[in-house]
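Colleague: File input.cif follows (mmCIF, C-alpha atoms):
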```
data_work
#
loop_
_atom_site.group_PDB
_atom_site.id
_atom_site.type_symbol
_atom_site.label_atom_id
_atom_site.label_comp_id
_atom_site.auth_asym_id
_atom_site.auth_seq_id
_atom_site.Cartn_x
_atom_site.Cartn_y
_atom_site.Cartn_z
ATOM 1 C CA MET I 74 13.319 22.888 5.055
ATOM 2 C CA ALA I 75 16.916 23.485 6.071
ATOM 3 C CA SER I 76 16.292 25.631 9.132
ATOM 4 C CA THR I 77 18.315 24.879 12.258
ATOM 5 C CA ALA I 78 15.265 23.649 14.158
ATOM 6 C CA LEU I 79 14.456 21.097 11.469
ATOM 7 C CA ALA I 80 18.019 19.912 11.128
ATOM 8 C CA THR I 81 18.176 19.153 14.818
ATOM 9 C CA ALA I 82 14.865 17.259 14.956
ATOM 10 C CA ARG I 83 15.765 13.692 15.922
ATOM 11 C CA ILE I 84 13.460 10.948 14.629
ATOM 12 C CA GLY I 85 13.915 7.482 16.108
ATOM 13 C CA VAL I 86 13.606 4.422 13.849
ATOM 14 C CA VAL I 87 13.092 1.125 15.680
ATOM 15 C CA THR I 88 14.719 -2.123 14.563
ATOM 16 C CA PHE I 89 13.230 -5.456 15.702
ATOM 17 C CA PRO I 90 14.588 -8.857 14.657
ATOM 18 C CA GLY I 91 13.030 -9.252 11.203
ATOM 19 C CA THR I 92 12.493 -5.557 10.487
ATOM 20 C CA LEU I 93 13.187 -4.848 6.804
ATOM 21 C CA ASP I 94 12.535 -1.183 6.138
ATOM 22 C CA ASP I 95 14.411 0.569 8.939
ATOM 23 C CA ARG I 96 17.133 1.860 6.633
ATOM 24 C CA ASP I 97 14.579 3.150 4.116
ATOM 25 C CA ALA I 98 12.717 4.897 6.940
ATOM 26 C CA ALA I 99 15.961 6.473 8.198
ATOM 27 C CA ARG I 100 16.746 7.606 4.674
ATOM 28 C CA ALA I 101 13.273 9.162 4.351
ATOM 29 C CA VAL I 102 13.848 11.090 7.597
ATOM 30 C CA ARG I 103 17.183 12.345 6.260
ATOM 31 C CA LEU I 104 15.733 13.365 2.871
ATOM 32 C CA ALA I 105 12.977 15.303 4.655
ATOM 33 C CA GLY I 106 15.615 17.229 6.594
ATOM 34 C CA GLY I 107 15.569 15.448 9.971
ATOM 35 C CA ARG I 108 18.163 13.373 11.797
ATOM 36 C CA PRO I 109 17.400 9.644 12.056
ATOM 37 C CA VAL I 110 18.330 7.897 15.313
ATOM 38 C CA ALA I 111 18.535 4.090 15.383
ATOM 39 C CA LEU I 112 16.551 2.564 18.260
ATOM 40 C CA TRP I 113 17.033 -1.093 19.253
ATOM 41 C CA HIS I 114 14.111 -3.322 20.232
ATOM 42 C CA ALA I 115 15.825 -4.647 23.352
ATOM 43 C CA ASP I 116 16.669 -1.238 24.859
ATOM 44 C CA ALA I 117 14.019 0.425 27.014
ATOM 45 C CA ASP I 118 15.419 3.770 25.876
ATOM 46 C CA LEU I 119 14.094 6.269 23.325
ATOM 47 C CA GLN I 120 17.338 8.316 23.519
ATOM 48 C CA GLY I 121 15.384 11.527 23.857
ATOM 49 C CA VAL I 122 14.091 11.473 20.261
ATOM 50 C CA ASP I 123 11.379 13.915 19.143
ATOM 51 C CA ALA I 124 9.314 11.323 17.231
ATOM 52 C CA VAL I 125 9.464 7.609 16.390
ATOM 53 C CA VAL I 126 8.891 5.514 13.257
ATOM 54 C CA LEU I 127 8.048 1.807 13.591
ATOM 55 C CA PRO I 128 9.048 0.521 10.142
ATOM 56 C CA GLY I 129 7.777 -2.415 8.145
ATOM 57 C CA GLY I 130 9.062 -5.943 7.839
ATOM 58 C CA PHE I 131 8.338 -9.247 9.533
ATOM 59 C CA SER I 132 9.311 -8.672 13.157
ATOM 60 C CA TYR I 133 9.881 -11.989 14.934
ATOM 61 C CA GLY I 134 8.934 -13.685 11.645
ATOM 62 C CA ASP I 135 5.310 -12.574 12.179
ATOM 63 C CA TYR I 136 5.053 -15.684 14.387
ATOM 64 C CA LEU I 137 1.869 -15.924 16.451
ATOM 65 C CA ARG I 138 0.321 -12.803 14.829
ATOM 66 C CA ALA I 139 1.958 -9.929 12.966
ATOM 67 C CA GLY I 140 3.360 -7.548 15.584
ATOM 68 C CA ALA I 141 2.237 -9.668 18.539
ATOM 69 C CA ILE I 142 5.664 -10.436 19.967
ATOM 70 C CA SER I 143 7.233 -7.039 19.168
ATOM 71 C CA ARG I 144 4.492 -5.434 21.206
ATOM 72 C CA PHE I 145 6.220 -6.747 24.348
ATOM 73 C CA ALA I 146 9.721 -5.549 23.361
ATOM 74 C CA PRO I 147 11.344 -3.244 25.955
ATOM 75 C CA VAL I 148 11.476 -0.318 23.508
ATOM 76 C CA VAL I 149 7.724 -0.613 22.848
ATOM 77 C CA ASP I 150 6.979 -0.479 26.583
ATOM 78 C CA VAL I 151 8.577 2.963 26.857
ATOM 79 C CA LEU I 152 7.156 3.985 23.488
ATOM 80 C CA VAL I 153 3.575 3.295 24.615
ATOM 81 C CA ASP I 154 3.950 5.674 27.571
ATOM 82 C CA ALA I 155 5.626 8.336 25.432
ATOM 83 C CA ALA I 156 2.920 8.057 22.742
ATOM 84 C CA ARG I 157 0.201 8.493 25.356
ATOM 85 C CA GLY I 158 2.116 11.615 26.436
ATOM 86 C CA GLY I 159 1.947 13.049 22.905
ATOM 87 C CA LEU I 160 5.148 11.838 21.196
ATOM 88 C CA PRO I 161 4.517 11.593 17.424
ATOM 89 C CA VAL I 162 4.642 7.908 16.396
ATOM 90 C CA LEU I 163 4.233 6.510 12.861
ATOM 91 C CA GLY I 164 3.682 2.793 12.311
ATOM 92 C CA ILE I 165 4.150 1.554 8.757
ATOM 93 C CA CYS I 166 2.860 -1.903 7.759
ATOM 94 C CA ASN I 167 4.329 -4.219 10.412
ATOM 95 C CA GLY I 168 4.750 -1.094 12.568
ATOM 96 C CA PHE I 169 0.993 -0.437 12.227
ATOM 97 C CA GLN I 170 0.371 -4.012 13.335
ATOM 98 C CA VAL I 171 2.591 -3.415 16.399
ATOM 99 C CA LEU I 172 0.583 -0.258 17.248
ATOM 100 C CA THR I 173 -2.723 -2.178 17.155
ATOM 101 C CA GLU I 174 -1.297 -5.039 19.225
ATOM 102 C CA ALA I 175 -0.072 -2.427 21.743
ATOM 103 C CA HIS I 176 -3.586 -0.903 21.790
ATOM 104 C CA LEU I 177 -2.318 2.510 20.737
ATOM 105 C CA LEU I 178 -4.617 2.191 17.711
ATOM 106 C CA PRO I 179 -7.894 0.231 17.491
ATOM 107 C CA GLY I 180 -8.700 -2.706 15.221
ATOM 108 C CA SER I 181 -6.313 -5.254 13.808
ATOM 109 C CA MET I 182 -4.993 -6.667 10.545
ATOM 110 C CA ILE I 183 -5.855 -10.157 9.304
ATOM 111 C CA LYS I 184 -4.829 -11.985 6.127
ATOM 112 C CA ASN I 185 -5.724 -10.306 2.828
ATOM 113 C CA ASP I 186 -9.176 -11.487 1.715
ATOM 114 C CA HIS I 187 -7.686 -13.099 -1.424
ATOM 115 C CA LEU I 188 -4.869 -14.745 0.620
ATOM 116 C CA HIS I 189 -2.133 -13.494 -1.718
ATOM 117 C CA PHE I 190 0.846 -11.298 -0.978
ATOM 118 C CA VAL I 191 0.256 -7.910 -2.612
ATOM 119 C CA CYS I 192 3.010 -5.701 -4.035
ATOM 120 C CA ARG I 193 1.800 -2.726 -6.031
ATOM 121 C CA GLU I 194 1.809 1.018 -6.405
ATOM 122 C CA GLN I 195 -1.278 2.059 -4.475
ATOM 123 C CA VAL I 196 -3.300 5.251 -4.779
ATOM 124 C CA LEU I 197 -4.557 6.590 -1.438
ATOM 125 C CA THR I 198 -6.903 9.427 -0.586
ATOM 126 C CA VAL I 199 -5.766 11.638 2.293
ATOM 127 C CA GLU I 200 -8.809 11.907 4.574
ATOM 128 C CA ASN I 201 -7.260 13.719 7.524
ATOM 129 C CA ALA I 202 -4.507 16.276 6.883
ATOM 130 C CA GLU I 203 -4.338 17.470 10.482
ATOM 131 C CA THR I 204 -2.363 14.686 12.173
ATOM 132 C CA ALA I 205 1.273 15.058 13.218
ATOM 133 C CA TRP I 206 2.275 13.001 10.169
ATOM 134 C CA THR I 207 -0.066 14.376 7.452
ATOM 135 C CA ARG I 208 -0.248 18.149 7.866
ATOM 136 C CA ASP I 209 1.851 18.796 4.737
ATOM 137 C CA TYR I 210 -0.893 17.125 2.665
ATOM 138 C CA ALA I 211 -4.339 18.494 1.799
ATOM 139 C CA ALA I 212 -7.575 16.700 2.676
ATOM 140 C CA GLY I 213 -8.841 14.926 -0.428
ATOM 141 C CA GLN I 214 -5.380 14.792 -2.016
ATOM 142 C CA ARG I 215 -4.511 11.566 -3.866
ATOM 143 C CA ILE I 216 -1.042 10.151 -3.309
ATOM 144 C CA THR I 217 0.702 7.063 -4.707
ATOM 145 C CA VAL I 218 2.953 4.920 -2.508
ATOM 146 C CA PRO I 219 3.936 1.226 -2.590
ATOM 147 C CA LEU I 220 1.814 -1.376 -0.795
ATOM 148 C CA LYS I 221 3.324 -4.787 0.033
ATOM 149 C CA ASN I 222 1.894 -7.225 2.541
ATOM 150 C CA GLN I 223 0.057 -10.457 3.188
ATOM 151 C CA ASP I 224 -1.718 -9.527 6.437
ATOM 152 C CA GLY I 225 -3.092 -6.168 5.382
ATOM 153 C CA GLN I 226 -6.851 -6.475 5.816
ATOM 154 C CA PHE I 227 -7.911 -3.902 8.408
ATOM 155 C CA VAL I 228 -10.768 -5.128 10.591
ATOM 156 C CA ALA I 229 -12.622 -3.721 13.593
ATOM 157 C CA ASP I 230 -16.149 -4.063 14.939
ATOM 158 C CA GLU I 231 -18.850 -1.792 13.482
ATOM 159 C CA ARG I 232 -18.967 0.430 16.567
ATOM 160 C CA THR I 233 -15.214 1.073 16.388
ATOM 161 C CA LEU I 234 -15.444 1.765 12.641
ATOM 162 C CA ASP I 235 -18.301 4.242 13.201
ATOM 163 C CA GLU I 236 -16.272 5.903 15.952
ATOM 164 C CA LEU I 237 -13.216 6.219 13.687
ATOM 165 C CA GLU I 238 -15.334 7.752 10.919
ATOM 166 C CA GLY I 239 -17.266 10.035 13.265
ATOM 167 C CA GLU I 240 -14.130 11.406 14.897
ATOM 168 C CA GLY I 241 -12.286 11.920 11.606
ATOM 169 C CA ARG I 242 -9.693 9.323 12.589
ATOM 170 C CA VAL I 243 -9.579 7.585 9.200
ATOM 171 C CA VAL I 244 -6.404 9.170 7.815
ATOM 172 C CA PHE I 245 -6.098 7.307 4.490
ATOM 173 C CA ARG I 246 -8.445 5.288 2.322
ATOM 174 C CA TYR I 247 -7.564 3.033 -0.606
ATOM 175 C CA ALA I 248 -8.627 4.837 -3.780
ATOM 176 C CA ASP I 249 -9.890 3.201 -6.989
ATOM 177 C CA ALA I 250 -9.824 -0.402 -5.698
ATOM 178 C CA ASN I 251 -9.619 -2.070 -2.294
ATOM 179 C CA PRO I 252 -6.493 -4.274 -2.482
ATOM 180 C CA ASN I 253 -7.079 -6.503 0.570
ATOM 181 C CA GLY I 254 -10.665 -6.392 1.830
ATOM 182 C CA SER I 255 -10.012 -3.735 4.497
ATOM 183 C CA ARG I 256 -13.222 -2.537 6.145
ATOM 184 C CA ARG I 257 -14.518 0.666 4.580
ATOM 185 C CA ASP I 258 -11.376 0.876 2.381
ATOM 186 C CA ILE I 259 -9.365 2.019 5.408
ATOM 187 C CA ALA I 260 -5.602 2.170 4.761
ATOM 188 C CA GLY I 261 -4.541 4.180 7.810
ATOM 189 C CA ILE I 262 -5.912 5.589 11.060
ATOM 190 C CA THR I 263 -4.909 7.850 13.936
ATOM 191 C CA ASN I 264 -5.537 8.078 17.675
ATOM 192 C CA ALA I 265 -7.811 10.743 19.146
ATOM 193 C CA ALA I 266 -4.898 13.145 19.746
ATOM 194 C CA GLY I 267 -3.576 12.802 16.176
ATOM 195 C CA ASN I 268 0.020 12.082 17.241
ATOM 196 C CA VAL I 269 -0.081 8.320 16.548
ATOM 197 C CA VAL I 270 -0.689 7.266 12.937
ATOM 198 C CA GLY I 271 -0.585 3.767 11.450
ATOM 199 C CA LEU I 272 -0.998 2.650 7.849
ATOM 200 C CA MET I 273 -0.314 -0.445 5.757
ATOM 201 C CA PRO I 274 1.200 1.231 2.634
ATOM 202 C CA HIS I 275 4.840 2.349 2.608
ATOM 203 C CA PRO I 276 5.469 6.114 2.275
ATOM 204 C CA GLU I 277 9.184 5.607 3.022
ATOM 205 C CA HIS I 278 9.580 3.904 -0.385
ATOM 206 C CA ALA I 279 8.336 7.002 -2.232
ATOM 207 C CA VAL I 280 10.681 9.766 -1.110
ATOM 208 C CA GLU I 281 13.331 10.115 -3.796
ATOM 209 C CA ALA I 282 12.976 10.561 -7.565
ATOM 210 C CA GLY I 283 14.476 7.563 -9.350
ATOM 211 C CA PHE I 284 13.483 5.102 -6.617
ATOM 212 C CA GLY I 285 9.754 5.695 -6.150
ATOM 213 C CA PRO I 286 6.521 4.723 -7.894
ATOM 214 C CA ALA I 287 5.650 5.962 -11.370
ATOM 215 C CA SER I 288 4.230 9.459 -11.410
ATOM 216 C CA ASP I 289 3.267 12.193 -13.872
ATOM 217 C CA ALA I 290 6.875 13.360 -13.643
ATOM 218 C CA GLY I 291 8.113 10.057 -15.051
ATOM 219 C CA HIS I 292 9.134 6.477 -14.376
ATOM 220 C CA ARG I 293 9.916 5.899 -10.645
ATOM 221 C CA ALA I 294 9.741 9.652 -10.100
ATOM 222 C CA GLY I 295 7.034 9.575 -7.401
ATOM 223 C CA THR I 296 7.895 11.170 -4.056
ATOM 224 C CA ASP I 297 4.403 11.373 -2.555
ATOM 225 C CA GLY I 298 5.580 9.673 0.661
ATOM 226 C CA LEU I 299 7.972 12.434 1.622
ATOM 227 C CA GLY I 300 5.102 14.483 3.070
ATOM 228 C CA PHE I 301 4.863 12.158 6.109
ATOM 229 C CA PHE I 302 8.388 12.991 7.136
ATOM 230 C CA THR I 303 8.225 16.716 6.382
ATOM 231 C CA SER I 304 4.882 16.831 8.215
ATOM 232 C CA VAL I 305 6.344 15.573 11.460
ATOM 233 C CA LEU I 306 9.180 18.091 11.227
ATOM 234 C CA THR I 307 6.601 20.842 10.697
ATOM 235 C CA THR I 308 4.709 19.510 13.717
ATOM 236 C CA LEU I 309 7.824 19.532 15.883
ATOM 237 C CA VAL I 310 8.832 23.050 14.863
ATOM 238 C CA SER I 311 5.362 24.479 15.434
ATOM 239 C CA SER I 312 4.835 22.803 18.822
ATOM 240 C CA MET D 243 5.278 -33.095 33.457
ATOM 241 C CA GLY D 244 1.929 -31.433 32.890
ATOM 242 C CA ARG D 245 0.493 -29.915 29.789
ATOM 243 C CA VAL D 246 -2.175 -27.265 29.233
ATOM 244 C CA VAL D 247 -3.915 -26.827 25.932
ATOM 245 C CA VAL D 248 -5.071 -23.386 24.786
ATOM 246 C CA GLU D 249 -7.319 -23.068 21.751
ATOM 247 C CA VAL D 250 -7.926 -19.775 19.956
ATOM 248 C CA MET D 251 -10.480 -19.173 17.190
ATOM 249 C CA PRO D 252 -11.222 -16.158 14.992
ATOM 250 C CA LYS D 253 -14.275 -14.297 16.310
ATOM 251 C CA PRO D 254 -17.525 -15.354 14.589
ATOM 252 C CA GLU D 255 -18.031 -11.887 13.088
ATOM 253 C CA ILE D 256 -14.504 -11.799 11.631
ATOM 254 C CA LEU D 257 -14.197 -13.275 8.156
ATOM 255 C CA ASP D 258 -11.665 -16.105 8.156
ATOM 256 C CA PRO D 259 -9.902 -16.024 4.756
ATOM 257 C CA GLN D 260 -7.905 -19.183 5.520
ATOM 258 C CA GLY D 261 -11.023 -21.150 6.473
ATOM 259 C CA LYS D 262 -12.731 -19.938 3.311
ATOM 260 C CA ALA D 263 -9.840 -21.161 1.169
ATOM 261 C CA VAL D 264 -10.010 -24.582 2.844
ATOM 262 C CA VAL D 265 -13.779 -24.960 2.433
ATOM 263 C CA ARG D 266 -13.463 -24.166 -1.270
ATOM 264 C CA GLN D 267 -10.950 -26.976 -1.723
ATOM 265 C CA LEU D 268 -12.881 -29.718 0.106
ATOM 266 C CA PRO D 269 -15.521 -30.441 -2.582
ATOM 267 C CA ARG D 270 -12.758 -30.930 -5.146
ATOM 268 C CA LEU D 271 -11.631 -33.927 -3.067
ATOM 269 C CA GLY D 272 -15.152 -35.303 -2.814
ATOM 270 C CA PHE D 273 -15.943 -33.879 0.636
ATOM 271 C CA THR D 274 -19.222 -32.246 -0.305
ATOM 272 C CA GLN D 275 -20.848 -32.436 3.117
ATOM 273 C CA PHE D 276 -18.832 -29.608 4.746
ATOM 274 C CA THR D 277 -20.435 -26.220 4.259
ATOM 275 C CA GLY D 278 -18.070 -24.121 6.334
ATOM 276 C CA VAL D 279 -14.543 -24.199 7.789
ATOM 277 C CA ARG D 280 -12.997 -21.928 10.367
ATOM 278 C CA GLN D 281 -9.305 -22.205 11.120
ATOM 279 C CA GLY D 282 -7.968 -21.558 14.623
ATOM 280 C CA ARG D 283 -4.837 -22.214 16.630
ATOM 281 C CA ARG D 284 -3.902 -24.696 19.326
ATOM 282 C CA PHE D 285 -1.088 -24.137 21.821
ATOM 283 C CA GLU D 286 0.327 -26.716 24.234
ATOM 284 C CA LEU D 287 1.997 -25.224 27.310
ATOM 285 C CA GLU D 288 4.265 -27.522 29.302
ATOM 286 C CA VAL D 289 5.012 -27.223 32.998
ATOM 287 C CA ASP D 290 7.453 -29.153 35.225
ATOM 288 C CA GLY D 291 4.976 -30.443 37.846
ATOM 289 C CA PRO D 292 1.260 -31.039 37.942
ATOM 290 C CA VAL D 293 -1.299 -28.734 36.375
ATOM 291 C CA THR D 294 -2.668 -26.871 39.383
ATOM 292 C CA ASP D 295 -5.411 -24.243 39.489
ATOM 293 C CA ALA D 296 -2.662 -21.610 39.634
ATOM 294 C CA VAL D 297 -1.084 -23.018 36.466
ATOM 295 C CA LEU D 298 -4.466 -22.947 34.711
ATOM 296 C CA ALA D 299 -5.045 -19.372 35.857
ATOM 297 C CA ALA D 300 -1.641 -18.346 34.498
ATOM 298 C CA ALA D 301 -2.400 -20.134 31.218
ATOM 299 C CA ARG D 302 -5.679 -18.240 30.958
ATOM 300 C CA GLU D 303 -3.868 -14.945 31.505
ATOM 301 C CA ALA D 304 -1.210 -15.831 28.906
ATOM 302 C CA ALA D 305 -3.994 -16.800 26.508
ATOM 303 C CA GLU D 306 -5.700 -13.419 26.875
ATOM 304 C CA THR D 307 -2.555 -11.259 26.747
ATOM 305 C CA LEU D 308 -0.210 -12.921 24.252
ATOM 306 C CA LEU D 309 -1.685 -16.031 22.629
ATOM 307 C CA SER D 310 -4.792 -14.261 21.353
ATOM 308 C CA ASN D 311 -5.747 -10.787 20.189
ATOM 309 C CA PRO D 312 -9.181 -10.060 21.710
ATOM 310 C CA VAL D 313 -10.003 -7.693 18.837
ATOM 311 C CA ILE D 314 -10.121 -10.527 16.317
ATOM 312 C CA GLU D 315 -9.956 -13.795 18.312
ATOM 313 C CA ASP D 316 -11.635 -15.655 21.165
ATOM 314 C CA VAL D 317 -9.953 -18.046 23.582
ATOM 315 C CA VAL D 318 -12.315 -21.018 23.352
ATOM 316 C CA ARG D 319 -10.533 -23.524 25.570
ATOM 317 C CA VAL D 320 -7.935 -23.596 28.358
ATOM 318 C CA ALA D 321 -7.648 -27.077 29.876
ATOM 319 C CA GLU D 322 -5.212 -29.677 31.141
ATOM 320 C CA VAL D 323 -4.321 -32.360 28.628
ATOM 321 C CA THR D 324 -4.864 -35.598 30.507
ATOM 322 C CA THR D 325 -4.843 -38.410 27.976
ATOM 323 C CA GLU D 326 -1.947 -39.658 25.898
ATOM 324 C CA ALA D 327 -4.290 -39.734 22.923
ATOM 325 C CA GLU D 328 -4.893 -36.013 23.070
ATOM 326 C CA ALA D 329 -1.277 -34.984 23.579
ATOM 327 C CA THR D 330 0.451 -34.596 20.267
ATOM 328 C CA ALA D 331 3.977 -35.236 21.506
#
```
Show the structure stored in the file as structure tokens.
Modeller:
Amino acid sequence: MASTALATARIGVVTFPGTLDDRDAARAVRLAGGRPVALWHADADLQGVDAVVLPGGFSYGDYLRAGAISRFAPVVDVLVDAARGGLPVLGICNGFQVLTEAHLLPGSMIKNDHLHFVCREQVLTVENAETAWTRDYAAGQRITVPLKNQDGQFVADERTLDELEGEGRVVFRYADANPNGSRRDIAGITNAAGNVVGLMPHPEHAVEAGFGPASDAGHRAGTDGLGFFTSVLTTLVSS
Amino acid sequence: MGRVVVEVMPKPEILDPQGKAVVRQLPRLGFTQFTGVRQGRRFELEVDGPVTDAVLAAAREAAETLLSNPVIEDVVRVAEVTTEAEATA
């Protein structure tokens, strides 16, 4: 993981007003072997980064709808064009909501069906291990990462859901129990090209032993989220 | 000063968890006649002059691009507020 190519991979992490997890995302990039680059919501400039993470939080207080106002931020304008051109983009939680509002990913998130904020260690099944952000996993693998949100119920019309399933664009499903009423247990999806991935759970909080979810290795020892960040480095090196 | 009201509702096929929570509470207060509740949003847009057709057209565009998400919501009303009774401020 310490090759020169990996060490020079620059992964942008966007900060909006109200973003909470930008520092955790930057730390995850660093632990995977990449170089995090801070990107500011008001700058229409991606600083030549090789990939971008839209982290979680409550951008603009989630006013109007989660992600609705961030979608019109100058940095998102340039990001949309770059993503359509193939730039790897990962949206986590609020970042996923921004990606749907920007129409880079279909569907939307509404309030959890039980109306409560959820904070738990969530088991996911990896459904698609061929995207830019999941190629270090295996299809069918179960991973545990934190889930924490109030507006986490993924919805889309039946035709869109069938399309996502048919094209293998469901990347993660909630395993064991559906925590928020998401259609077809969908936790994360990708675009047709596989470079844009969005999910509600938080892989960036499961990247370092001692600070992650419980795992077979021990209390807080889970690092199942690290694979997202090593995957994108693998993608960048092999492209 | 003119004012345009924009009303946005969750699409009929989208479950409305907030509306469901409200309808569950109503019978506890004795309101047993209401069998369903859907919760939407109302915006009031103010302009410095009269509400012209161009203002209404701009309000419609704002309603479709920012005020609603067409994946989960419908814009059900874009209209000038004309009476004092209807204006909330």
Colleague: Could you check which of I:Asp297, I:Asp209, I:Glu200, I:Asp186 is closest to Lys262 of chain D, using only C-alpha atoms?
Modeller: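 Result for the nearest residue to Lys262 of chain D: I:Asp186.
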Colleague: Pick out the residues sitting within 8 Å of segment 218-235 of chain I, and hand them over as a short mmCIF file (atom, residue, chain, number, x, y, z; two decimals) with C-alpha atoms, in the coordinates of the input; count all atoms listed in the file, and ignore anything fewer than 2 positions along from it in its own chain.
Modeller:
```cif
data_model
loop_
_atom_site.label_atom_id
_atom_site.label_comp_id
_atom_site.auth_asym_id
_atom_site.auth_seq_id
_atom_site.Cartn_x
_atom_site.Cartn_y
_atom_site.Cartn_z
CA ALA I 139 1.96 -9.93 12.97
CA CYS I 166 2.86 -1.90 7.76
CA PRO I 179 -7.89 0.23 17.49
CA GLY I 180 -8.70 -2.71 15.22
CA SER I 181 -6.31 -5.25 13.81
CA MET I 182 -4.99 -6.67 10.54
CA ILE I 183 -5.86 -10.16 9.30
CA LYS I 184 -4.83 -11.98 6.13
CA ASN I 185 -5.72 -10.31 2.83
CA ASP I 186 -9.18 -11.49 1.72
CA LEU I 188 -4.87 -14.74 0.62
CA HIS I 189 -2.13 -13.49 -1.72
CA PHE I 190 0.85 -11.30 -0.98
CA VAL I 191 0.26 -7.91 -2.61
CA CYS I 192 3.01 -5.70 -4.04
CA ARG I 193 1.80 -2.73 -6.03
CA GLU I 194 1.81 1.02 -6.40
CA GLN I 195 -1.28 2.06 -4.47
CA VAL I 196 -3.30 5.25 -4.78
CA LEU I 197 -4.56 6.59 -1.44
CA ILE I 216 -1.04 10.15 -3.31
CA LEU I 237 -13.22 6.22 13.69
CA GLU I 238 -15.33 7.75 10.92
CA GLY I 239 -17.27 10.04 13.26
CA ASN I 253 -7.08 -6.50 0.57
CA GLY I 254 -10.66 -6.39 1.83
CA SER I 255 -10.01 -3.74 4.50
CA ARG I 256 -13.22 -2.54 6.14
CA ILE I 259 -9.36 2.02 5.41
CA ALA I 260 -5.60 2.17 4.76
CA MET I 273 -0.31 -0.44 5.76
CA PRO I 274 1.20 1.23 2.63
CA HIS I 275 4.84 2.35 2.61
CA PRO I 276 5.47 6.11 2.28
CA HIS I 278 9.58 3.90 -0.38
CA ALA I 279 8.34 7.00 -2.23
CA GLY I 285 9.75 5.70 -6.15
CA PRO I 286 6.52 4.72 -7.89
CA GLY I 295 7.03 9.57 -7.40
CA ASP I 297 4.40 11.37 -2.56
CA GLY I 298 5.58 9.67 0.66
CA ILE D 256 -14.50 -11.80 11.63
CA VAL D 313 -10.00 -7.69 18.84
CA ILE D 314 -10.12 -10.53 16.32
#
```
Colleague: Quick check on the file I pasted: which residues fall under the PyMOL selection byres ((chain D) within 12 of (chain I))? Write them as a VMD selection string.
Modeller: chain D and resid 250 252 to 264 282 to 285 305 307 to 315
Colleague: What does the file look like for those residues with C-alpha atoms, as a short mmCIF file (atom, residue, chain, number, x, y, z; two decimals), in the frame of the given file?
Modeller:
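File written: again_30.cif
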```
data_model
loop_
_atom_site.label_atom_id
_atom_site.label_comp_id
_atom_site.auth_asym_id
_atom_site.auth_seq_id
_atom_site.Cartn_x
_atom_site.Cartn_y
_atom_site.Cartn_z
CA VAL D 250 -7.93 -19.77 19.96
CA PRO D 252 -11.22 -16.16 14.99
CA LYS D 253 -14.28 -14.30 16.31
CA PRO D 254 -17.52 -15.35 14.59
CA GLU D 255 -18.03 -11.89 13.09
CA ILE D 256 -14.50 -11.80 11.63
CA LEU D 257 -14.20 -13.28 8.16
CA ASP D 258 -11.66 -16.10 8.16
CA PRO D 259 -9.90 -16.02 4.76
CA GLN D 260 -7.90 -19.18 5.52
CA GLY D 261 -11.02 -21.15 6.47
CA LYS D 262 -12.73 -19.94 3.31
CA ALA D 263 -9.84 -21.16 1.17
CA VAL D 264 -10.01 -24.58 2.84
CA GLY D 282 -7.97 -21.56 14.62
CA ARG D 283 -4.84 -22.21 16.63
CA ARG D 284 -3.90 -24.70 19.33
CA PHE D 285 -1.09 -24.14 21.82
CA ALA D 305 -3.99 -16.80 26.51
CA THR D 307 -2.56 -11.26 26.75
CA LEU D 308 -0.21 -12.92 24.25
CA LEU D 309 -1.68 -16.03 22.63
CA SER D 310 -4.79 -14.26 21.35
CA ASN D 311 -5.75 -10.79 20.19
CA PRO D 312 -9.18 -10.06 21.71
CA VAL D 313 -10.00 -7.69 18.84
CA ILE D 314 -10.12 -10.53 16.32
CA GLU D 315 -9.96 -13.80 18.31
#
```
Colleague: Which residues fall under the PyMOL selection byres ((chain I and resi 242) around 9) in this file, as a ChimeraX atom specification?
Modeller: /I:200-201,236-241,243-244,261-265,267
Colleague: Show which residues sit within 9 Å of Leu298 of chain D, as a list of chain:residue names. Count only C-alpha atoms, and ignore same-chain residues fewer than 5 positions away.
Modeller: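 Listed by chain and then number, they are D:Val246, D:Val293, D:Glu303, D:Val320, D:Ala321, D:Glu322.
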Colleague: Go ahead and save the residues from that selection, with C-alpha atoms, as a short mmCIF file (atom, residue, chain, number, x, y, z; two decimals), keeping the file's coordinate frame.
Modeller:
```
data_model
loop_
_atom_site.label_atom_id
_atom_site.label_comp_id
_atom_site.auth_asym_id
_atom_site.auth_seq_id
_atom_site.Cartn_x
_atom_site.Cartn_y
_atom_site.Cartn_z
CA VAL D 246 -2.17 -27.26 29.23
CA VAL D 293 -1.30 -28.73 36.38
CA GLU D 303 -3.87 -14.94 31.50
CA VAL D 320 -7.94 -23.60 28.36
CA ALA D 321 -7.65 -27.08 29.88
CA GLU D 322 -5.21 -29.68 31.14
#
```
Colleague: Quick one: pull the distance between atom CA of Pro292 of chain D and atom CA of Val248 of chain D, Å, one decimal.
Modeller: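 According to the coordinates, atom CA of Pro292 of chain D and atom CA of Val248 of chain D are separated by 16.5 Å.
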Colleague: Please, what distance in Å, to one decimal, runs between atom CA of Ala101 of chain I and atom CA of Ala124 of chain I?
Modeller: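 Those two atoms sit 13.6 Å apart.
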Colleague: One decimal, Å: what's the distance from atom CA of Thr198 of chain I over to atom CA of Leu178 of chain I, could you say?
Modeller: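 Atom-to-atom, atom CA of Thr198 of chain I to atom CA of Leu178 of chain I, that is 19.8 Å.
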Colleague: Neighbourhood query: residues within 7 Å of (-10.9, -16.4, 26.0), file coordinates, counting only C-alpha atoms; return as a PyMOL selection string.
Modeller: chain D and resi 305-306+316-318
Colleague: Taking only C-alpha atoms into account, name the residue in D:Arg245, D:Val279, D:Gly272, D:Val265 that is nearest to Gly291 of chain D.
Modeller: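 The answer is D:Arg245, which sits nearest to Gly291 of chain D.
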